[in-house]
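Asker: I am sharing upload33.txt, which consists of compact mmCIF, C-alpha atoms:
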# COMPACT_ATOMS: atom_id res chain seq x y z
CA MET O 1 0.00 0.00 0.00
CA SER O 2 1.36 3.42 -0.93
CA THR O 3 1.85 6.04 1.76
CA PRO O 4 -0.35 9.14 1.39
CA ARG O 5 1.52 12.33 0.68
CA ILE O 6 1.39 14.43 3.85
CA SER O 7 0.77 18.15 3.39
CA ARG O 8 3.41 20.73 4.25
CA ARG O 9 0.87 22.21 6.66
CA ALA O 10 0.60 18.98 8.62
CA ARG O 11 4.36 18.38 8.59
CA ALA O 12 4.94 21.85 10.01
CA VAL O 13 2.73 21.34 13.07
CA ALA O 14 4.84 20.59 16.15
CA PRO O 15 3.64 18.21 18.87
CA PHE O 16 1.79 19.67 21.84
CA TYR O 17 4.25 18.57 24.49
CA ALA O 18 1.84 18.98 27.40
CA MET O 19 -0.27 16.27 25.78
CA GLU O 20 2.81 14.19 25.02
CA PHE O 21 3.89 14.24 28.67
CA GLY O 22 0.31 13.42 29.57
CA LYS O 23 0.53 10.32 27.38
CA GLN O 24 3.78 9.29 29.08
CA ALA O 25 2.16 9.80 32.47
CA ALA O 26 -0.80 7.65 31.41
CA ALA O 27 1.58 4.91 30.26
CA LEU O 28 3.33 4.95 33.65
CA ARG O 29 -0.03 4.76 35.41
CA ALA O 30 -1.01 1.81 33.23
CA ARG O 31 2.11 0.02 34.48
CA GLY O 32 0.97 0.55 38.07
CA HIS O 33 2.90 3.71 39.01
CA ASP O 34 1.26 6.47 41.04
CA VAL O 35 1.78 9.57 38.88
CA VAL O 36 0.88 13.08 40.01
CA ARG O 37 -0.27 14.92 36.91
CA LEU O 38 0.49 18.63 37.07
CA SER O 39 0.94 18.98 33.33
CA LEU O 40 -2.53 19.72 31.94
CA GLY O 41 -4.73 22.75 32.37
CA GLU O 42 -7.84 20.79 33.24
CA PRO O 43 -9.76 21.81 36.38
CA ASP O 44 -10.51 18.84 38.61
CA PHE O 45 -13.93 20.21 39.61
CA GLY O 46 -15.92 19.46 36.45
CA ALA O 47 -19.02 21.36 35.37
CA PRO O 48 -21.24 23.05 37.98
CA PRO O 49 -24.02 20.78 39.33
CA ALA O 50 -26.79 22.74 37.61
CA VAL O 51 -25.06 22.28 34.25
CA LEU O 52 -24.76 18.53 34.79
CA SER O 53 -28.45 18.41 35.64
CA ALA O 54 -29.31 20.41 32.53
CA MET O 55 -27.27 18.03 30.36
CA ARG O 56 -29.10 15.01 31.78
CA GLU O 57 -32.39 16.72 31.00
CA ALA O 58 -31.27 17.62 27.47
CA MET O 59 -30.25 14.01 26.81
CA ASP O 60 -33.62 12.50 27.73
CA GLY O 61 -34.07 10.96 24.29
CA ARG O 62 -35.58 13.93 22.49
CA PRO O 63 -34.33 14.65 18.95
CA MET O 64 -31.30 16.93 19.12
CA ALA O 65 -31.11 18.89 15.88
CA TYR O 66 -28.43 21.24 14.66
CA THR O 67 -28.51 24.72 16.13
CA GLU O 68 -27.83 27.82 14.08
CA ALA O 69 -24.21 27.94 12.89
CA LEU O 70 -23.55 30.95 15.12
CA GLY O 71 -25.00 29.16 18.12
CA LEU O 72 -28.20 28.79 20.11
CA PRO O 73 -29.80 32.27 20.26
CA ALA O 74 -30.63 31.87 23.96
CA LEU O 75 -27.02 31.00 24.74
CA ARG O 76 -25.72 33.99 22.78
CA ARG O 77 -28.07 36.21 24.78
CA ALA O 78 -26.89 34.60 28.04
CA ILE O 79 -23.24 35.24 27.15
CA SER O 80 -24.12 38.84 26.29
CA GLY O 81 -25.76 39.21 29.68
CA PHE O 82 -22.65 37.80 31.35
CA TYR O 83 -20.50 40.52 29.77
CA GLY O 84 -22.92 43.17 30.94
CA GLY O 85 -23.43 41.90 34.46
CA ARG O 86 -19.87 40.85 35.23
CA HIS O 87 -17.68 43.08 33.10
CA GLY O 88 -19.89 46.10 32.52
CA VAL O 89 -19.62 45.81 28.74
CA GLU O 90 -22.60 45.86 26.40
CA VAL O 91 -22.17 43.23 23.70
CA ASP O 92 -24.84 42.69 21.07
CA PRO O 93 -25.72 38.96 21.07
CA ALA O 94 -25.56 39.11 17.27
CA ARG O 95 -21.78 39.58 17.55
CA ILE O 96 -21.29 36.42 19.61
CA VAL O 97 -20.30 33.20 17.83
CA VAL O 98 -20.64 29.96 19.79
CA THR O 99 -17.99 27.44 18.77
CA ALA O 100 -16.77 23.89 19.40
CA GLY O 101 -14.31 25.03 22.05
CA ALA O 102 -12.10 28.11 21.97
CA SER O 103 -9.86 26.24 19.50
CA ALA O 104 -12.65 26.33 16.92
CA ALA O 105 -13.07 30.05 17.58
CA LEU O 106 -9.37 30.51 16.82
CA VAL O 107 -9.67 28.43 13.65
CA LEU O 108 -12.61 30.51 12.41
CA THR O 109 -10.86 33.77 13.29
CA ALA O 110 -7.66 32.75 11.52
CA ALA O 111 -9.64 31.64 8.47
CA ALA O 112 -11.45 34.97 8.44
CA LEU O 113 -8.46 37.27 8.95
CA VAL O 114 -5.21 35.60 7.81
CA ASP O 115 -3.83 35.44 4.29
CA PRO O 116 -0.63 33.56 3.43
CA GLY O 117 2.40 35.67 4.29
CA ASP O 118 0.63 37.92 6.80
CA GLU O 119 2.79 38.60 9.82
CA VAL O 120 1.19 38.06 13.22
CA LEU O 121 2.84 39.18 16.47
CA ILE O 122 2.53 36.80 19.42
CA GLY O 123 4.40 36.91 22.71
CA ASP O 124 7.00 34.33 23.67
CA PRO O 125 6.14 32.43 25.89
CA SER O 126 2.58 31.72 24.74
CA TYR O 127 0.12 28.89 24.22
CA PRO O 128 1.51 26.81 21.34
CA CYS O 129 -1.77 26.04 19.58
CA ASN O 130 -2.36 29.75 18.98
CA ARG O 131 0.63 30.08 16.71
CA GLN O 132 0.12 26.63 15.17
CA ILE O 133 -3.39 27.58 14.08
CA MET O 134 -2.23 30.90 12.66
CA GLU O 135 0.60 29.22 10.77
CA SER O 136 -1.79 26.60 9.38
CA PHE O 137 -3.57 29.39 7.55
CA GLY O 138 -0.31 30.73 6.14
CA ALA O 139 0.59 33.36 8.74
CA ARG O 140 4.21 34.19 9.41
CA VAL O 141 4.21 34.26 13.19
CA THR O 142 6.79 36.47 14.86
CA LEU O 143 7.39 35.39 18.42
CA VAL O 144 8.24 38.54 20.37
CA PRO O 145 10.45 37.74 23.40
CA ALA O 146 8.74 38.68 26.66
CA THR O 147 10.68 38.81 29.90
CA ALA O 148 9.89 38.89 33.59
CA GLY O 149 10.15 42.68 33.34
CA SER O 150 6.99 42.75 31.19
CA ARG O 151 5.33 39.96 33.19
CA PHE O 152 6.16 37.52 30.35
CA GLN O 153 3.64 39.42 28.24
CA LEU O 154 3.69 41.63 25.18
CA ASP O 155 3.77 45.32 26.00
CA ALA O 156 3.27 48.39 23.83
CA ALA O 157 7.00 49.02 23.48
CA SER O 158 7.76 45.49 22.23
CA VAL O 159 4.82 45.54 19.84
CA ARG O 160 5.88 48.88 18.41
CA ALA O 161 9.50 47.74 18.05
CA SER O 162 8.50 44.47 16.34
CA TRP O 163 6.02 45.96 13.88
CA THR O 164 6.92 45.70 10.18
CA GLU O 165 5.24 46.59 6.93
CA HIS O 166 3.99 42.98 6.75
CA THR O 167 2.30 42.93 10.18
CA ARG O 168 -1.42 42.39 9.86
CA GLY O 169 -2.42 41.47 13.40
CA VAL O 170 -1.42 40.97 17.00
CA MET O 171 -2.55 38.28 19.41
CA VAL O 172 -2.54 38.66 23.19
CA ALA O 173 -3.60 36.17 25.86
CA THR O 174 -4.43 37.63 29.25
CA PRO O 175 -4.12 35.94 31.67
CA SER O 176 -1.60 33.83 29.84
CA ASN O 177 -0.94 30.16 29.46
CA PRO O 178 1.80 29.22 30.52
CA THR O 179 2.60 32.01 32.97
CA GLY O 180 -0.75 32.85 34.57
CA THR O 181 0.13 36.55 34.29
CA SER O 182 -2.10 39.31 32.95
CA VAL O 183 -1.41 42.35 30.80
CA PRO O 184 -2.26 45.50 32.79
CA ALA O 185 -5.44 47.08 31.41
CA GLY O 186 -3.70 50.28 30.31
CA GLU O 187 -0.96 48.35 28.55
CA LEU O 188 -3.48 46.15 26.74
CA ALA O 189 -5.37 49.24 25.58
CA ALA O 190 -2.09 50.72 24.28
CA ILE O 191 -1.27 47.53 22.37
CA CYS O 192 -4.71 47.55 20.76
CA ASP O 193 -4.33 51.24 19.90
CA ILE O 194 -1.04 50.58 18.10
CA ALA O 195 -2.63 47.85 15.99
CA ARG O 196 -5.83 49.78 15.31
CA GLU O 197 -3.88 52.85 14.17
CA ARG O 198 -2.15 50.60 11.62
CA ASP O 199 -5.42 49.08 10.43
CA ALA O 200 -4.47 45.69 11.87
CA TRP O 201 -6.67 43.24 13.72
CA ARG O 202 -6.44 42.55 17.45
CA LEU O 203 -7.17 39.08 18.80
CA VAL O 204 -7.40 38.82 22.58
CA ASP O 205 -7.57 35.40 24.21
CA GLU O 206 -9.60 35.84 27.41
CA ILE O 207 -10.07 32.15 28.18
CA TYR O 208 -8.74 32.67 31.71
CA LEU O 209 -10.11 36.19 32.27
CA ASP O 210 -12.68 35.12 34.85
CA LEU O 211 -10.07 33.18 36.81
CA ALA O 212 -7.98 36.34 37.26
CA ASP O 213 -7.70 38.12 40.60
CA HIS O 214 -10.16 40.88 41.41
CA ASP O 215 -8.87 44.33 42.31
CA ALA O 216 -8.71 45.81 45.80
CA ALA O 217 -12.33 46.93 45.50
CA GLY O 218 -13.44 43.42 44.59
CA ARG O 219 -14.07 44.20 40.93
CA PRO O 220 -13.35 41.56 38.28
CA PRO O 221 -10.81 42.31 35.54
CA ARG O 222 -11.97 44.23 32.49
CA SER O 223 -12.46 42.64 29.09
CA ALA O 224 -10.48 44.10 26.20
CA LEU O 225 -13.89 44.98 24.74
CA SER O 226 -14.22 47.73 27.33
CA THR O 227 -11.54 49.77 25.54
CA ASP O 228 -11.50 48.19 22.08
CA PRO O 229 -15.03 47.18 21.02
CA ASP O 230 -13.77 46.03 17.61
CA ALA O 231 -11.19 43.58 18.94
CA VAL O 232 -11.89 39.89 18.41
CA VAL O 233 -12.17 38.29 21.83
CA VAL O 234 -12.07 34.52 22.37
CA ASN O 235 -13.38 32.74 25.46
CA SER O 236 -14.35 29.27 26.58
CA PHE O 237 -16.51 27.24 28.93
CA SER O 238 -13.51 25.01 29.67
CA LYS O 239 -11.67 26.90 32.39
CA TYR O 240 -13.87 29.13 34.56
CA PHE O 241 -16.85 26.79 34.15
CA GLY O 242 -14.69 23.63 34.32
CA MET O 243 -16.14 22.11 31.12
CA THR O 244 -13.03 20.98 29.26
CA GLY O 245 -14.42 17.86 27.59
CA TRP O 246 -17.65 19.56 26.59
CA ARG O 247 -15.82 21.40 23.76
CA LEU O 248 -17.73 24.65 23.91
CA GLY O 249 -16.43 28.18 23.51
CA TRP O 250 -17.28 31.49 21.92
CA CYS O 251 -15.86 34.60 20.35
CA VAL O 252 -17.04 38.17 20.06
CA VAL O 253 -16.37 39.73 16.67
CA PRO O 254 -16.98 43.11 15.02
CA GLU O 255 -20.36 43.38 13.34
CA ALA O 256 -18.84 43.33 9.84
CA LEU O 257 -17.21 39.99 10.59
CA VAL O 258 -20.40 38.19 11.67
CA PRO O 259 -21.56 37.02 8.21
CA VAL O 260 -18.01 35.90 7.41
CA MET O 261 -17.82 33.83 10.59
CA GLU O 262 -21.26 32.40 9.94
CA ARG O 263 -20.31 31.28 6.44
CA LEU O 264 -17.10 29.70 7.69
CA ALA O 265 -18.83 28.00 10.62
CA GLN O 266 -21.48 26.58 8.31
CA ASN O 267 -18.79 24.99 6.16
CA TYR O 268 -16.27 23.96 8.83
CA PHE O 269 -18.39 22.79 11.76
CA LEU O 270 -22.13 23.26 11.04
CA CYS O 271 -22.53 24.13 14.72
CA ALA O 272 -21.18 23.42 18.17
CA SER O 273 -22.60 20.47 20.12
CA ALA O 274 -26.33 21.08 20.55
CA PRO O 275 -26.73 19.30 23.93
CA ALA O 276 -23.66 21.08 25.32
CA GLN O 277 -25.13 24.42 24.22
CA HIS O 278 -28.48 23.71 25.86
CA ALA O 279 -26.80 22.61 29.08
CA ALA O 280 -24.46 25.61 29.10
CA LEU O 281 -27.43 27.92 29.61
CA ALA O 282 -27.29 26.76 33.24
CA CYS O 283 -23.79 28.26 33.57
CA PHE O 284 -25.25 31.73 33.90
CA THR O 285 -27.61 31.13 36.80
CA ALA O 286 -26.80 32.72 40.16
CA GLU O 287 -26.27 29.22 41.56
CA SER O 288 -23.65 28.22 38.97
CA LEU O 289 -21.83 31.54 39.11
CA ALA O 290 -21.56 31.24 42.90
CA VAL O 291 -20.07 27.75 42.46
CA CYS O 292 -17.53 29.08 39.94
CA GLU O 293 -16.55 31.96 42.20
CA ALA O 294 -15.96 29.57 45.09
CA ARG O 295 -13.74 27.53 42.80
CA ARG O 296 -11.82 30.64 41.76
CA ALA O 297 -11.12 31.26 45.44
CA GLU O 298 -9.97 27.65 45.79
CA PHE O 299 -7.54 28.13 42.90
CA ALA O 300 -6.09 31.16 44.71
CA GLN O 301 -5.46 28.96 47.76
CA ARG O 302 -3.83 26.31 45.59
CA ARG O 303 -1.65 28.97 44.00
CA ALA O 304 -0.41 30.07 47.42
CA LEU O 305 0.32 26.44 48.30
CA VAL O 306 2.35 25.97 45.10
CA LEU O 307 4.27 29.24 45.37
CA ASP O 308 5.22 28.43 48.96
CA GLY O 309 6.23 24.89 48.02
CA LEU O 310 8.39 25.95 45.08
CA ALA O 311 10.09 28.60 47.21
CA ARG O 312 10.96 25.98 49.82
CA ILE O 313 12.35 23.69 47.14
CA GLY O 314 14.43 26.54 45.71
CA LEU O 315 12.73 26.76 42.30
CA PRO O 316 12.25 30.48 41.55
CA VAL O 317 9.02 31.89 40.11
CA PRO O 318 10.15 35.11 38.39
CA VAL O 319 6.61 36.52 38.12
CA PRO O 320 3.89 35.20 40.45
CA PRO O 321 0.68 34.54 38.51
CA ASP O 322 -2.44 36.61 39.03
CA GLY O 323 -4.85 34.39 37.15
CA ALA O 324 -5.47 31.10 35.35
CA PHE O 325 -3.94 28.11 37.20
CA TYR O 326 -0.33 27.97 36.05
CA VAL O 327 3.05 28.73 37.58
CA TYR O 328 6.05 29.26 35.30
CA PHE O 329 9.17 28.47 37.28
CA ASP O 330 12.90 28.60 36.55
CA VAL O 331 14.94 25.37 36.64
CA ALA O 332 18.26 26.82 35.44
CA GLY O 333 19.73 26.49 38.94
CA THR O 334 19.30 22.71 38.85
CA GLY O 335 21.81 22.34 36.01
CA LEU O 336 19.15 20.69 33.84
CA THR O 337 17.32 22.03 30.81
CA SER O 338 13.57 22.29 31.20
CA TRP O 339 13.14 19.22 29.01
CA GLU O 340 15.61 17.18 31.05
CA PHE O 341 13.99 18.38 34.28
CA CYS O 342 10.51 17.33 33.12
CA GLU O 343 11.65 13.97 31.76
CA ARG O 344 13.54 13.08 34.92
CA ALA O 345 10.80 14.41 37.23
CA LEU O 346 8.34 12.14 35.44
CA GLN O 347 10.51 9.03 35.32
CA GLU O 348 12.17 9.37 38.74
CA ALA O 349 9.61 11.26 40.86
CA HIS O 350 6.48 10.36 38.88
CA VAL O 351 5.41 13.99 38.61
CA ALA O 352 4.17 15.18 35.20
CA LEU O 353 5.02 18.79 34.26
CA THR O 354 5.34 20.66 30.95
CA PRO O 355 8.68 21.90 29.57
CA GLY O 356 9.10 25.41 28.22
CA ARG O 357 9.63 24.04 24.71
CA ASP O 358 5.85 24.01 24.29
CA PHE O 359 5.56 27.75 24.69
CA GLY O 360 8.23 29.29 22.49
CA VAL O 361 11.99 29.63 22.30
CA HIS O 362 13.01 32.55 24.51
CA SER O 363 12.70 30.79 27.88
CA ALA O 364 12.19 27.26 26.55
CA GLN O 365 15.38 25.82 28.01
CA THR O 366 15.07 27.32 31.47
CA HIS O 367 11.39 27.34 32.46
CA VAL O 368 8.75 24.76 33.30
CA ARG O 369 4.99 25.08 33.61
CA LEU O 370 3.14 23.58 36.57
CA SER O 371 -0.66 23.44 36.49
CA TYR O 372 -2.39 23.79 39.84
CA ALA O 373 -5.72 22.72 38.36
CA ALA O 374 -5.12 19.47 40.27
CA SER O 375 -6.45 18.87 43.77
CA ALA O 376 -4.70 20.33 46.81
CA ASP O 377 -3.76 16.82 47.94
CA ASP O 378 -2.15 16.08 44.57
CA LEU O 379 -0.31 19.39 44.69
CA ARG O 380 1.10 18.66 48.14
CA GLU O 381 2.21 15.21 47.07
CA GLY O 382 3.68 16.49 43.81
CA LEU O 383 5.62 19.24 45.58
CA ALA O 384 6.94 16.79 48.16
CA ARG O 385 8.20 14.52 45.38
CA LEU O 386 9.73 17.45 43.49
CA GLY O 387 11.48 18.55 46.66
CA GLU O 388 13.11 15.14 47.07
CA PHE O 389 13.98 15.02 43.37
CA VAL O 390 15.65 18.46 43.37
CA ALA O 391 17.49 17.70 46.63
CA GLY O 392 18.93 14.64 44.93
CA LEU O 393 20.35 16.78 42.13
CA ARG O 394 22.48 18.86 44.47
Would you give me this structure, written as structure tokens?

Answerer:
Amino acid sequence: MSTPRISRRARAVAPFYAMEFGKQAAALRARGHDVVRLSLGEPDFGAPPAVLSAMREAMDGRPMAYTEALGLPALRRAISGFYGGRHGVEVDPARIVVTAGASAALVLTAAALVDPGDEVLIGDPSYPCNRQIMESFGARVTLVPATAGSRFQLDAASVRASWTEHTRGVMVATPSNPTGTSVPAGELAAICDIARERDAWRLVDEIYLDLADHDAAGRPPRSALSTDPDAVVVNSFSKYFGMTGWRLGWCVVPEALVPVMERLAQNYFLCASAPAQHAALACFTAESLAVCEARRAEFAQRRALVLDGLARIGLPVPVPPDGAFYVYFDVAGTGLTSWEFCERALQEAHVALTPGRDFGVHSAQTHVRLSYAASADDLREGLARLGEFVAGLR
């Protein structure tokens, strides 16, 4: 049998190393080893109880037809109400596109905005799938080095310095995966201003926005839409609502982009999962939002546990996170590269982490991502094992 010719696009896609380490961890578990998995950004809580109940009701045997390509109208209205009630931003439900996870929102956005050869600015470190999706549609991604001084995030100065005549867009994730750090609101507005003045698109990944710390007055962080209504904003039910396997997300797009996104969604996906959409309506009840807020507080406690544990081990965290559920720590002092550290931690201590190679090149050799989406008990056990492992290196 002849081997199919693989496309250049497929050959260019790098592995997602967090998933690869997850596979190795699963293989160790299958052989009877007790592995603490701190490698994946998957909350251990699951969906809120009311959402689970709504899913059971939706799956009672009734016919489950396609929804509109842009999503269930009631769900689009509920998401619009969430922006108004939580973030103080009026968003027309007509501008909201419900998608099969935030990844599908990124695919649709890239298909709508990127032509081959377009330059897109993305910070380094950053979530790898963002650049892989952009590159799959022909973008030339420029990874802009971000340091601890800029909270491992793009800032206006770096965006301005990196801009070229070929730049067509800029992508920012705040809070960020892998660092858990946010772009200050004023800095994000300045970045968007630079792009808008150059007639370039702005794509803001706000998947972890509602897991970010509130300010001293108890107010939640602002969406980029509060200062740039024409930015494309991507979000998801996976993180704040704990619905990773449900594959449901959304994006907010400028009015002119709505028919484009609808046409693309019709052809690429038809629609997001109908039962998941119906069940997700229960996310926006007072009961479910209270559950999610309690979980956000629990993540803050887990973060404190992890930061304290890493400090005791002697693994520096250059910028403490203020959102999401990740810590990006420095392993240079161990004498190992991040890849070596993660491989040995998995094989010798049975703790799964993610090496910096997933997230770019600038800090790839020196930094490791730990996800504290795991339970507090798993975090304590994982930190204890890491402590013994690092002590053995010295």

Asker: O:Ile207, O:Ala14, O:Val114, O:Met134: which is nearest Thr244 in chain O, counting all atoms listed in the file?

Answerer: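 The closest residue to Thr244 in chain O is O:Ile207.
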
Asker: Using all atoms listed in the file, pick whichever of O:Val319, O:Ala216, O:Val107, O:Val258 has the shortest atom-to-atom distance to Arg151 in chain O.

Answerer: O:Val319

Asker: For Val35 in chain O, which of O:Phe359, O:Gly245, O:Ala352, O:Ser288 is the closest residue, counting all atoms listed in the file?

Answerer: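 Looking only at the distances to Val35 in chain O, the closest residue turns out to be O:Ala352.
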
Asker: Using only C-alpha atoms, determine which residues lie at most 12 Å from range 82-87 of chain O, disregarding the query and same-chain residues fewer than 4 positions distant; provide the list as a PyMOL selection string.

Answerer: chain O and resi 75-78+91-93+96+209-210+214+218-227+233+235+252+281+283-286+289+293

Asker: Quick one: pull the distance between CA of Ala384 in chain O and CA of His350 in chain O, Å, one decimal.

Answerer: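 Between CA of Ala384 in chain O and CA of His350 in chain O the gap works out to 11.3 Å.
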
Asker: Write out as an MDAnalysis selection string each polymer residue whose atoms come within 12 Å of Gln153 in chain O, counting all atoms listed in the file; drop sequence neighbours fewer than 4 positions from it.

Answerer: chainID O and resid 121:127 143:149 157:159 171:184 187:188 191 319 321

Asker: What box, with edges along x, y and z, holds each listed atom of range 376-391 of chain O when 5 Å is added on every side, and can you state its centre and edge lengths in Å to one decimal, as lines of an AutoDock Vina configuration file?

Answerer:
center_x = 6.4
center_y = 17.4
center_z = 45.8
size_x = 32.2
size_y = 15.8
size_z = 14.8

Asker: Which of these, O:Glu68, O:Glu348, O:Glu388, O:Asp358, has the shortest distance to Asp34 in chain O once you count only C-alpha atoms?

Answerer: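 When distances to Asp34 in chain O are compared using only C-alpha atoms, the smallest one comes from O:Glu348.
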
Asker: So the first atom is CA of Ala189 in chain O and the second is CA of Ala217 in chain O; what is the distance between them in Å, to one decimal place?

Answerer: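 Separating CA of Ala189 in chain O from CA of Ala217 in chain O is a distance of 21.2 Å.
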
Asker: Any idea what the distance is between CA of Pro254 in chain O and CA of Val234 in chain O?

Answerer: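 CA of Val234 in chain O lies at a distance of 12.3 Å from CA of Pro254 in chain O.
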
Asker: Of the candidates O:Val390, O:Val141, O:Met19, O:Val368, which shows the shortest atom-to-atom distance to Gly41 in chain O, using all atoms listed in the file?

Answerer: O:Met19

Asker: In file coordinates, which residues lie within 9 Å of (2.2, 29.1, 42.5) using only C-alpha atoms, given as a list in words?

Answerer: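 Taken together, the residues in range are Ala300, Arg302, Arg303, Ala304, Leu305, Val306, Leu307, Asp308, Gly309, Leu310, Val317, Pro320, Pro321, Phe325, Tyr326, Val327, Tyr328, Phe329, Leu370, Ser371 and Tyr372 of chain O.
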
Asker: Calculated over all atoms listed in the file, which of the candidates O:Ala54, O:Leu203, O:Ala212, O:Val260 has the smallest distance to Ala280 in chain O?

Answerer: O:Ala54

Asker: Could you give me, as a list in words, the residues within 10 Å of Cys342 in chain O, counting only C-alpha atoms and dropping anything in the same chain fewer than 3 positions from it?

Answerer: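 Counting only the stated atoms, we get Phe21, Ser39, Val331, Leu336, Thr337, Ser338, Trp339, Ala345, Leu346, Gln347, Glu348, Ala349, His350, Val351, Ala352, Leu353, Thr354, Pro355, Gly356, Val368 and Arg369 of chain O.
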
Asker: Please list, as a PyMOL selection string, the residues that have an atom at most 8 Å away from (-28.8, 15.1, 17.5) in the coordinates of this file, counting all atoms listed in the file.

Answerer: chain O and resi 63-66+274-275

Asker: For Arg168 in chain O, find every residue with an atom within 7 Å (counting all atoms listed in the file), except residues of its own chain fewer than 5 positions away, and show them as a VMD selection string.

Answerer: chain O and resid 118 to 120 200 to 201

Asker: Which residues are near range 4-13 of chain O? Cut-off 9 Å, only C-alpha atoms, ignore same chain within fewer than 6 positions. Put them as a list in words.

Answerer: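 Listed by chain and then number, they are Gln132, Ile133, Glu135, Ser136, Phe137 and Gly138 of chain O.
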
Asker: Please extract range 271-283 of chain O and write it out with C-alpha atoms, as a PDB file, in the first residue's frame.

Answerer:
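Output saved as result_28.pdb:
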ATOM      1  CA  CYS O 271     -22.533  24.126  14.723  1.00  0.00           C
ATOM      2  CA  ALA O 272     -21.177  23.418  18.173  1.00  0.00           C
ATOM      3  CA  SER O 273     -22.602  20.470  20.124  1.00  0.00           C
ATOM      4  CA  ALA O 274     -26.327  21.078  20.551  1.00  0.00           C
ATOM      5  CA  PRO O 275     -26.733  19.304  23.929  1.00  0.00           C
ATOM      6  CA  ALA O 276     -23.663  21.080  25.319  1.00  0.00           C
ATOM      7  CA  GLN O 277     -25.125  24.417  24.225  1.00  0.00           C
ATOM      8  CA  HIS O 278     -28.482  23.714  25.858  1.00  0.00           C
ATOM      9  CA  ALA O 279     -26.803  22.613  29.079  1.00  0.00           C
ATOM     10  CA  ALA O 280     -24.462  25.611  29.096  1.00  0.00           C
ATOM     11  CA  LEU O 281     -27.426  27.919  29.614  1.00  0.00           C
ATOM     12  CA  ALA O 282     -27.293  26.765  33.241  1.00  0.00           C
ATOM     13  CA  CYS O 283     -23.791  28.260  33.572  1.00  0.00           C
TER      14      CYS O 283
END
